[in-house]
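Have a look at upload31.tsv; it's TSV, C-alpha atoms:
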```tsv
chain	number	residue	atom	x	y	z
A	1	MET	CA	7.43	7.94	-10.72
A	2	GLY	CA	5.98	7.34	-7.30
A	3	PRO	CA	2.74	6.66	-5.50
A	4	ALA	CA	-0.25	8.95	-5.31
A	5	ILE	CA	-2.70	9.65	-2.52
A	6	VAL	CA	-6.40	9.96	-3.37
A	7	TYR	CA	-8.77	12.26	-1.50
A	8	THR	CA	-12.50	12.75	-1.97
A	9	ALA	CA	-15.02	15.31	-0.78
A	10	PRO	CA	-18.58	16.23	-1.66
A	11	TYR	CA	-18.98	18.10	-4.95
A	12	GLY	CA	-18.62	21.83	-4.40
A	13	THR	CA	-16.17	21.53	-1.50
A	14	ALA	CA	-13.60	24.33	-1.40
A	15	GLU	CA	-10.37	23.27	-3.07
A	16	PRO	CA	-7.02	23.66	-1.33
A	17	ALA	CA	-5.03	26.78	-2.19
A	18	TYR	CA	-2.44	26.36	-4.94
A	19	ALA	CA	0.34	27.28	-2.48
A	20	ALA	CA	-0.75	24.41	-0.18
A	21	ILE	CA	0.22	21.76	-2.75
A	22	THR	CA	2.71	20.10	-0.37
A	23	SER	CA	0.13	19.72	2.41
A	24	PRO	CA	-2.76	17.26	2.58
A	25	PRO	CA	-6.11	18.93	1.95
A	26	SER	CA	-8.07	19.76	5.09
A	27	SER	CA	-11.47	18.40	6.13
A	28	PRO	CA	-13.92	17.56	4.60
A	29	TRP	CA	-11.39	16.08	2.13
A	30	THR	CA	-10.86	12.44	3.11
A	31	ASP	CA	-8.01	10.09	2.20
A	32	VAL	CA	-9.50	6.89	0.67
A	33	GLY	CA	-6.62	4.91	2.16
A	34	GLY	CA	-4.22	2.48	0.60
A	35	THR	CA	-4.46	1.47	-3.02
A	36	ALA	CA	-3.68	-2.00	-4.33
A	37	ASP	CA	0.01	-2.79	-4.67
A	38	GLY	CA	1.08	-2.94	-8.29
A	39	THR	CA	-1.84	-0.82	-9.53
A	40	SER	CA	-1.79	2.78	-10.61
A	41	VAL	CA	-3.94	5.73	-9.74
A	42	LEU	CA	-4.94	6.88	-13.19
A	43	LEU	CA	-6.33	10.14	-14.59
A	44	GLU	CA	-7.43	9.69	-18.20
A	45	VAL	CA	-8.58	12.42	-20.54
A	46	GLU	CA	-9.93	11.09	-23.83
A	47	HIS	CA	-10.85	13.43	-26.66
A	48	THR	CA	-13.03	12.38	-29.58
A	49	LEU	CA	-12.30	14.32	-32.74
A	50	THR	CA	-14.86	14.69	-35.50
A	51	ASP	CA	-13.36	15.27	-38.93
A	52	LEU	CA	-14.47	18.23	-40.99
A	53	MET	CA	-15.02	17.12	-44.58
A	54	VAL	CA	-15.81	18.95	-47.78
A	55	GLU	CA	-17.21	17.38	-50.93
A	56	GLN	CA	-14.28	18.41	-53.10
A	57	LEU	CA	-11.54	16.66	-51.04
A	58	VAL	CA	-10.89	13.10	-49.93
A	59	ASP	CA	-8.87	14.26	-46.92
A	60	PRO	CA	-10.39	15.94	-43.87
A	61	VAL	CA	-9.71	19.68	-43.79
A	62	GLY	CA	-9.54	19.70	-40.00
A	63	ALA	CA	-11.28	18.40	-36.92
A	64	ARG	CA	-13.19	19.58	-33.88
A	65	VAL	CA	-13.34	18.07	-30.43
A	66	SER	CA	-16.83	16.59	-30.20
A	67	LYS	CA	-16.54	14.68	-26.92
A	68	ARG	CA	-14.29	14.50	-23.87
A	69	VAL	CA	-14.30	11.80	-21.21
A	70	VAL	CA	-12.40	12.43	-17.96
A	71	GLN	CA	-11.94	9.45	-15.65
A	72	VAL	CA	-10.06	8.62	-12.44
A	73	THR	CA	-9.39	4.95	-11.78
A	74	VAL	CA	-8.36	3.72	-8.32
A	75	ALA	CA	-8.08	0.21	-6.86
A	76	MET	CA	-9.02	0.94	-3.22
A	77	GLU	CA	-7.49	-1.75	-1.03
A	78	GLU	CA	-9.18	-0.56	2.14
A	79	ALA	CA	-12.49	-2.37	1.66
A	80	THR	CA	-14.37	-0.39	4.32
A	81	LEU	CA	-18.08	0.31	4.26
A	82	VAL	CA	-17.25	4.01	3.90
A	83	ASN	CA	-15.24	3.28	0.72
A	84	LEU	CA	-18.02	1.00	-0.57
A	85	ASN	CA	-20.51	3.83	-0.02
A	86	LEU	CA	-18.13	6.15	-1.90
A	87	ALA	CA	-17.84	3.66	-4.78
A	88	MET	CA	-21.66	3.48	-4.85
A	89	ASN	CA	-22.09	7.30	-5.09
A	90	GLN	CA	-23.37	7.58	-1.49
A	91	LEU	CA	-26.52	5.65	-2.42
A	92	THR	CA	-26.42	3.72	0.84
A	93	THR	CA	-26.86	4.36	4.53
A	94	ILE	CA	-24.38	3.17	7.13
A	95	THR	CA	-25.71	2.57	10.62
A	96	SER	CA	-23.31	1.91	13.47
A	97	GLY	CA	-23.95	0.12	16.72
A	98	THR	CA	-21.77	-1.23	19.48
A	99	GLY	CA	-19.21	-3.40	17.73
A	100	TYR	CA	-20.84	-3.41	14.28
A	101	SER	CA	-21.82	-1.32	11.25
A	102	VAL	CA	-24.55	-2.06	8.70
A	103	LEU	CA	-24.67	-0.80	5.10
A	104	ASP	CA	-28.05	-0.75	3.36
A	105	PRO	CA	-28.72	0.46	-0.19
A	106	LEU	CA	-31.23	3.28	-0.56
A	107	THR	CA	-34.55	2.08	-1.94
A	108	SER	CA	-36.59	5.30	-1.81
A	109	PRO	CA	-37.00	7.65	-4.79
A	110	THR	CA	-33.78	9.37	-3.66
A	111	SER	CA	-31.87	6.26	-4.78
A	112	THR	CA	-32.01	7.67	-8.32
A	113	GLN	CA	-30.16	10.83	-7.27
A	114	PRO	CA	-26.46	10.02	-6.79
A	115	ALA	CA	-24.23	12.39	-4.86
A	116	TYR	CA	-21.43	13.86	-6.97
A	117	THR	CA	-17.92	13.66	-5.56
A	118	ALA	CA	-14.78	15.75	-6.02
A	119	VAL	CA	-11.53	13.78	-6.34
A	120	ILE	CA	-7.95	14.90	-5.69
A	121	ILE	CA	-4.92	12.90	-6.78
A	122	ASP	CA	-1.72	14.01	-5.03
A	123	GLY	CA	1.39	12.68	-6.72
A	124	PHE	CA	4.80	13.75	-7.93
A	125	ALA	CA	5.71	15.99	-10.87
A	126	PRO	CA	8.96	16.02	-12.80
A	127	THR	CA	11.72	17.98	-11.06
A	128	THR	CA	12.28	21.46	-12.35
A	129	GLY	CA	15.49	23.40	-12.55
A	130	THR	CA	18.81	22.13	-11.27
A	131	THR	CA	18.03	21.79	-7.57
A	132	GLU	CA	16.86	18.14	-7.88
A	133	VAL	CA	14.17	18.83	-5.27
A	134	PHE	CA	11.04	16.73	-5.68
A	135	CYS	CA	8.01	18.53	-7.01
A	136	ARG	CA	4.36	17.83	-6.31
A	137	ARG	CA	1.45	17.49	-8.73
A	138	ARG	CA	-2.19	17.82	-7.65
A	139	MET	CA	-4.96	16.78	-10.02
A	140	ILE	CA	-8.51	17.75	-9.15
A	141	VAL	CA	-11.63	16.36	-10.80
A	142	ARG	CA	-14.34	18.66	-9.52
A	143	LYS	CA	-17.57	16.77	-10.22
A	144	ALA	CA	-17.57	13.00	-10.61
A	145	LEU	CA	-19.63	9.87	-10.21
A	146	SER	CA	-18.42	6.33	-9.78
A	147	THR	CA	-19.31	4.51	-12.99
A	148	SER	CA	-17.97	1.09	-12.04
A	149	LYS	CA	-19.77	-1.77	-10.39
A	150	ALA	CA	-19.06	-2.42	-6.74
A	151	ASP	CA	-17.82	-5.95	-6.15
A	152	PHE	CA	-16.33	-8.02	-3.36
A	153	GLU	CA	-13.91	-10.78	-4.16
A	154	TYR	CA	-12.41	-12.91	-1.44
A	155	GLU	CA	-9.40	-15.07	-2.17
A	156	LYS	CA	-6.99	-16.46	0.40
A	157	THR	CA	-3.86	-14.93	-1.18
A	158	LYS	CA	-5.27	-11.60	-2.39
A	159	PRO	CA	-6.78	-8.58	-0.67
A	160	THR	CA	-10.35	-7.46	-1.23
A	161	ILE	CA	-10.27	-4.43	-3.52
A	162	PHE	CA	-12.85	-1.91	-4.69
A	163	ASN	CA	-11.93	-1.15	-8.31
A	164	THR	CA	-13.45	2.27	-8.75
A	165	THR	CA	-13.68	4.52	-11.78
A	166	TRP	CA	-15.00	8.04	-11.37
A	167	THR	CA	-16.17	9.85	-14.50
A	168	GLY	CA	-15.95	13.65	-14.52
A	169	TYR	CA	-18.93	15.84	-15.49
A	170	PHE	CA	-19.42	19.40	-16.70
A	171	VAL	CA	-19.36	22.01	-13.94
A	172	SER	CA	-19.89	25.36	-15.66
A	173	SER	CA	-18.55	27.45	-18.52
A	174	SER	CA	-16.20	29.20	-16.08
A	175	ILE	CA	-15.14	26.17	-13.97
A	176	SER	CA	-13.39	23.32	-15.77
A	177	VAL	CA	-14.07	19.65	-15.13
A	178	PHE	CA	-10.48	19.09	-13.97
A	179	GLU	CA	-7.37	21.04	-13.10
A	180	ILE	CA	-3.71	20.07	-12.67
A	181	ILE	CA	-1.36	22.03	-10.43
A	182	ASP	CA	2.44	21.55	-10.31
```
The structure given in the file should be rewritten as structure tokens.
Amino acid sequence: MGPAIVYTAPYGTAEPAYAAITSPPSSPWTDVGGTADGTSVLLEVEHTLTDLMVEQLVDPVGARVSKRVVQVTVAMEEATLVNLNLAMNQLTTITSGTGYSVLDPLTSPTSTQPAYTAVIIDGFAPTTGTTEVFCRRRMIVRKALSTSKADFEYEKTKPTIFNTTWTGYFVSSSISVFEIID
């Protein structure tokens, strides 16, 4: 039980050391800011199993994992242009002037090449042992793209929120898509 803090960095950024789990990750990791009250920061891992069948039996003899989907869902309550750019896979440019900033979507051929992001969720783990000291849990999705639409909704009694879902992608045969450290 408890809140989580979400950090992002460009794909390939060095991950914090395991022993540094109680400290915020250093630059270029960036805190996305507050998340919407009453919403969760969610890491989902969904496995699809394909049954193995033989002609002689009506029951499957086993199964193999044939698909895995890893997703991080965050309702970012800080509706900044930087967070919008993050939710849009850095497919925009932000230009700043005196007293203003302008976000423009990319329209060149590079607009088809999204920038992958790494995501860290820092939360709490169950206590271990008899000391009743709180324990930390860090979840890292190493290569992700935002797969949700970016939307603005203004209502007088509700904050503007970027509902963002990042989907994890294959990194390599020696580096897993995600890792969890307690």
*Figure out the distance between CA of Asp151 in chain A and CA of Thr35 in chain A, please, to one decimal in Å.*
15.6 Å
*Protein/DNA/RNA residues near (6.2, 14.4, -12.9), cut 12 Å, all atoms listed in the file, as a ChimeraX atom specification*: /A:1-4,122-128,133-139,180-182
*Which residue of A:Thr93, A:Ser173, A:Thr50, A:Asn85 approaches Ser108 in chain A most closely, using only C-alpha atoms*: A:Thr93
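Nearest residue to Tyr11 in chain A, choosing from A:Gly33, A:Pro28, A:Pro60, A:Gly38 and counting only C-alpha atoms: A:Pro28.
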Box time for range 132-149 of chain A: axis-aligned, enclosing all its listed atoms, 5 Å extra on each side; report centre and edge lengths in Å to one decimal, as lines of an AutoDock Vina configuration file.
```
center_x = -1.5
center_y = 8.5
center_z = -9.1
size_x = 46.6
size_y = 30.6
size_z = 17.7
```
*Interatomic distance between CA of Val102 in chain A and CA of Thr30 in chain A?*
20.7 Å
*Residues at most 12 Å from Ala36 in chain A, counting only C-alpha atoms, excluding those fewer than 3 positions away in the same chain, as a VMD selection string?*
chain A and resid 3 to 5 32 to 33 39 to 41 73 to 79 158 to 164
Go ahead and write the selection's residues with C-alpha atoms as a PDB file, in the coordinates of the input.
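Generated file (out.pdb):
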```pdb
ATOM      1  CA  PRO A   3       2.740   6.660  -5.500  1.00  0.00           C
ATOM      2  CA  ALA A   4      -0.250   8.950  -5.310  1.00  0.00           C
ATOM      3  CA  ILE A   5      -2.700   9.650  -2.520  1.00  0.00           C
ATOM      4  CA  VAL A  32      -9.500   6.890   0.670  1.00  0.00           C
ATOM      5  CA  GLY A  33      -6.620   4.910   2.160  1.00  0.00           C
ATOM      6  CA  THR A  39      -1.840  -0.820  -9.530  1.00  0.00           C
ATOM      7  CA  SER A  40      -1.790   2.780 -10.610  1.00  0.00           C
ATOM      8  CA  VAL A  41      -3.940   5.730  -9.740  1.00  0.00           C
ATOM      9  CA  THR A  73      -9.390   4.950 -11.780  1.00  0.00           C
ATOM     10  CA  VAL A  74      -8.360   3.720  -8.320  1.00  0.00           C
ATOM     11  CA  ALA A  75      -8.080   0.210  -6.860  1.00  0.00           C
ATOM     12  CA  MET A  76      -9.020   0.940  -3.220  1.00  0.00           C
ATOM     13  CA  GLU A  77      -7.490  -1.750  -1.030  1.00  0.00           C
ATOM     14  CA  GLU A  78      -9.180  -0.560   2.140  1.00  0.00           C
ATOM     15  CA  ALA A  79     -12.490  -2.370   1.660  1.00  0.00           C
ATOM     16  CA  LYS A 158      -5.270 -11.600  -2.390  1.00  0.00           C
ATOM     17  CA  PRO A 159      -6.780  -8.580  -0.670  1.00  0.00           C
ATOM     18  CA  THR A 160     -10.350  -7.460  -1.230  1.00  0.00           C
ATOM     19  CA  ILE A 161     -10.270  -4.430  -3.520  1.00  0.00           C
ATOM     20  CA  PHE A 162     -12.850  -1.910  -4.690  1.00  0.00           C
ATOM     21  CA  ASN A 163     -11.930  -1.150  -8.310  1.00  0.00           C
ATOM     22  CA  THR A 164     -13.450   2.270  -8.750  1.00  0.00           C
TER      23      THR A 164
END
```
*Rank nothing, just name the residue among A:Ser174, A:Thr165, A:Gln113, A:Asn83 nearest to Thr147 in chain A, using all atoms listed in the file.*
A:Thr165
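You will find CA of Asp104 in chain A at 11.8 Å from CA of Val82 in chain A.
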*Scan for residues within 9 Å of the point (-14.9, 11.9, -1.7) in the coordinates of the file, using all atoms listed in the file, and reply as a PyMOL selection string.*
chain A and resi 6-11+28-32+83+86+116-120
Write out the residues from the selection above, keeping C-alpha atoms, as a PDB file, keeping the file's coordinate frame.
```
ATOM      1  CA  VAL A   6      -6.400   9.960  -3.370  1.00  0.00           C
ATOM      2  CA  TYR A   7      -8.770  12.260  -1.500  1.00  0.00           C
ATOM      3  CA  THR A   8     -12.500  12.750  -1.970  1.00  0.00           C
ATOM      4  CA  ALA A   9     -15.020  15.310  -0.780  1.00  0.00           C
ATOM      5  CA  PRO A  10     -18.580  16.230  -1.660  1.00  0.00           C
ATOM      6  CA  TYR A  11     -18.980  18.100  -4.950  1.00  0.00           C
ATOM      7  CA  PRO A  28     -13.920  17.560   4.600  1.00  0.00           C
ATOM      8  CA  TRP A  29     -11.390  16.080   2.130  1.00  0.00           C
ATOM      9  CA  THR A  30     -10.860  12.440   3.110  1.00  0.00           C
ATOM     10  CA  ASP A  31      -8.010  10.090   2.200  1.00  0.00           C
ATOM     11  CA  VAL A  32      -9.500   6.890   0.670  1.00  0.00           C
ATOM     12  CA  ASN A  83     -15.240   3.280   0.720  1.00  0.00           C
ATOM     13  CA  LEU A  86     -18.130   6.150  -1.900  1.00  0.00           C
ATOM     14  CA  TYR A 116     -21.430  13.860  -6.970  1.00  0.00           C
ATOM     15  CA  THR A 117     -17.920  13.660  -5.560  1.00  0.00           C
ATOM     16  CA  ALA A 118     -14.780  15.750  -6.020  1.00  0.00           C
ATOM     17  CA  VAL A 119     -11.530  13.780  -6.340  1.00  0.00           C
ATOM     18  CA  ILE A 120      -7.950  14.900  -5.690  1.00  0.00           C
TER      19      ILE A 120
END
```
Would you mind putting all heavy atoms back on range 104-115 of chain A and writing the result as a PDB file, in the frame of the given file?
```pdb
ATOM      1  N   ASP A 104     -26.831  -0.412   4.093  1.00  0.00           N
ATOM      2  CA  ASP A 104     -28.050  -0.750   3.360  1.00  0.00           C
ATOM      3  C   ASP A 104     -28.167   0.159   2.154  1.00  0.00           C
ATOM      4  O   ASP A 104     -27.966   1.376   2.264  1.00  0.00           O
ATOM      5  CB  ASP A 104     -29.298  -0.552   4.243  1.00  0.00           C
ATOM      6  CG  ASP A 104     -29.441  -1.608   5.312  1.00  0.00           C
ATOM      7  OD1 ASP A 104     -29.448  -2.799   4.955  1.00  0.00           O
ATOM      8  OD2 ASP A 104     -29.534  -1.239   6.504  1.00  0.00           O
ATOM      9  N   PRO A 105     -28.507  -0.400   0.975  1.00  0.00           N
ATOM     10  CA  PRO A 105     -28.720   0.460  -0.190  1.00  0.00           C
ATOM     11  C   PRO A 105     -30.011   1.261  -0.021  1.00  0.00           C
ATOM     12  O   PRO A 105     -30.964   0.804   0.616  1.00  0.00           O
ATOM     13  CB  PRO A 105     -28.838  -0.525  -1.350  1.00  0.00           C
ATOM     14  CG  PRO A 105     -29.286  -1.795  -0.719  1.00  0.00           C
ATOM     15  CD  PRO A 105     -28.707  -1.806   0.667  1.00  0.00           C
ATOM     16  N   LEU A 106     -30.016   2.473  -0.581  1.00  0.00           N
ATOM     17  CA  LEU A 106     -31.230   3.280  -0.560  1.00  0.00           C
ATOM     18  C   LEU A 106     -32.251   2.657  -1.503  1.00  0.00           C
ATOM     19  O   LEU A 106     -31.907   2.191  -2.597  1.00  0.00           O
ATOM     20  CB  LEU A 106     -30.936   4.716  -1.012  1.00  0.00           C
ATOM     21  CG  LEU A 106     -29.983   5.525  -0.142  1.00  0.00           C
ATOM     22  CD1 LEU A 106     -29.744   6.900  -0.752  1.00  0.00           C
ATOM     23  CD2 LEU A 106     -30.507   5.660   1.272  1.00  0.00           C
ATOM     24  N   THR A 107     -33.492   2.646  -1.100  1.00  0.00           N
ATOM     25  CA  THR A 107     -34.550   2.080  -1.940  1.00  0.00           C
ATOM     26  C   THR A 107     -35.672   3.089  -2.197  1.00  0.00           C
ATOM     27  O   THR A 107     -36.606   2.793  -2.923  1.00  0.00           O
ATOM     28  CB  THR A 107     -35.150   0.816  -1.304  1.00  0.00           C
ATOM     29  OG1 THR A 107     -35.622   1.143   0.004  1.00  0.00           O
ATOM     30  CG2 THR A 107     -34.100  -0.281  -1.218  1.00  0.00           C
ATOM     31  N   SER A 108     -35.567   4.265  -1.622  1.00  0.00           N
ATOM     32  CA  SER A 108     -36.590   5.300  -1.810  1.00  0.00           C
ATOM     33  C   SER A 108     -36.347   6.004  -3.153  1.00  0.00           C
ATOM     34  O   SER A 108     -35.353   5.746  -3.833  1.00  0.00           O
ATOM     35  CB  SER A 108     -36.498   6.306  -0.662  1.00  0.00           C
ATOM     36  OG  SER A 108     -35.260   6.993  -0.742  1.00  0.00           O
ATOM     37  N   PRO A 109     -37.229   6.907  -3.537  1.00  0.00           N
ATOM     38  CA  PRO A 109     -37.000   7.650  -4.790  1.00  0.00           C
ATOM     39  C   PRO A 109     -35.665   8.390  -4.830  1.00  0.00           C
ATOM     40  O   PRO A 109     -35.142   8.653  -5.899  1.00  0.00           O
ATOM     41  CB  PRO A 109     -38.175   8.635  -4.831  1.00  0.00           C
ATOM     42  CG  PRO A 109     -39.256   7.956  -4.064  1.00  0.00           C
ATOM     43  CD  PRO A 109     -38.544   7.209  -2.959  1.00  0.00           C
ATOM     44  N   THR A 110     -35.076   8.693  -3.663  1.00  0.00           N
ATOM     45  CA  THR A 110     -33.780   9.370  -3.660  1.00  0.00           C
ATOM     46  C   THR A 110     -32.662   8.467  -4.180  1.00  0.00           C
ATOM     47  O   THR A 110     -31.579   8.957  -4.489  1.00  0.00           O
ATOM     48  CB  THR A 110     -33.400   9.852  -2.249  1.00  0.00           C
ATOM     49  OG1 THR A 110     -33.363   8.728  -1.374  1.00  0.00           O
ATOM     50  CG2 THR A 110     -34.372  10.898  -1.732  1.00  0.00           C
ATOM     51  N   SER A 111     -32.917   7.169  -4.301  1.00  0.00           N
ATOM     52  CA  SER A 111     -31.870   6.260  -4.780  1.00  0.00           C
ATOM     53  C   SER A 111     -31.542   6.505  -6.249  1.00  0.00           C
ATOM     54  O   SER A 111     -30.577   5.953  -6.761  1.00  0.00           O
ATOM     55  CB  SER A 111     -32.276   4.804  -4.564  1.00  0.00           C
ATOM     56  OG  SER A 111     -33.395   4.476  -5.367  1.00  0.00           O
ATOM     57  N   THR A 112     -32.316   7.333  -6.922  1.00  0.00           N
ATOM     58  CA  THR A 112     -32.010   7.670  -8.320  1.00  0.00           C
ATOM     59  C   THR A 112     -31.191   8.954  -8.421  1.00  0.00           C
ATOM     60  O   THR A 112     -30.851   9.372  -9.519  1.00  0.00           O
ATOM     61  CB  THR A 112     -33.312   7.853  -9.133  1.00  0.00           C
ATOM     62  OG1 THR A 112     -34.050   8.963  -8.591  1.00  0.00           O
ATOM     63  CG2 THR A 112     -34.158   6.589  -9.111  1.00  0.00           C
ATOM     64  N   GLN A 113     -30.885   9.565  -7.294  1.00  0.00           N
ATOM     65  CA  GLN A 113     -30.160  10.830  -7.270  1.00  0.00           C
ATOM     66  C   GLN A 113     -28.791  10.649  -6.620  1.00  0.00           C
ATOM     67  O   GLN A 113     -28.628  10.866  -5.427  1.00  0.00           O
ATOM     68  CB  GLN A 113     -30.970  11.881  -6.497  1.00  0.00           C
ATOM     69  CG  GLN A 113     -32.360  12.118  -7.040  1.00  0.00           C
ATOM     70  CD  GLN A 113     -32.326  12.610  -8.475  1.00  0.00           C
ATOM     71  OE1 GLN A 113     -31.577  13.497  -8.826  1.00  0.00           O
ATOM     72  NE2 GLN A 113     -33.137  11.999  -9.333  1.00  0.00           N
ATOM     73  N   PRO A 114     -27.787  10.239  -7.388  1.00  0.00           N
ATOM     74  CA  PRO A 114     -26.460  10.020  -6.790  1.00  0.00           C
ATOM     75  C   PRO A 114     -25.830  11.332  -6.342  1.00  0.00           C
ATOM     76  O   PRO A 114     -26.130  12.399  -6.874  1.00  0.00           O
ATOM     77  CB  PRO A 114     -25.661   9.390  -7.934  1.00  0.00           C
ATOM     78  CG  PRO A 114     -26.328   9.870  -9.170  1.00  0.00           C
ATOM     79  CD  PRO A 114     -27.787  10.002  -8.828  1.00  0.00           C
ATOM     80  N   ALA A 115     -24.944  11.220  -5.358  1.00  0.00           N
ATOM     81  CA  ALA A 115     -24.230  12.390  -4.860  1.00  0.00           C
ATOM     82  C   ALA A 115     -22.901  12.507  -5.608  1.00  0.00           C
ATOM     83  O   ALA A 115     -22.092  11.579  -5.604  1.00  0.00           O
ATOM     84  CB  ALA A 115     -23.981  12.247  -3.359  1.00  0.00           C
TER      85      ALA A 115
END
```
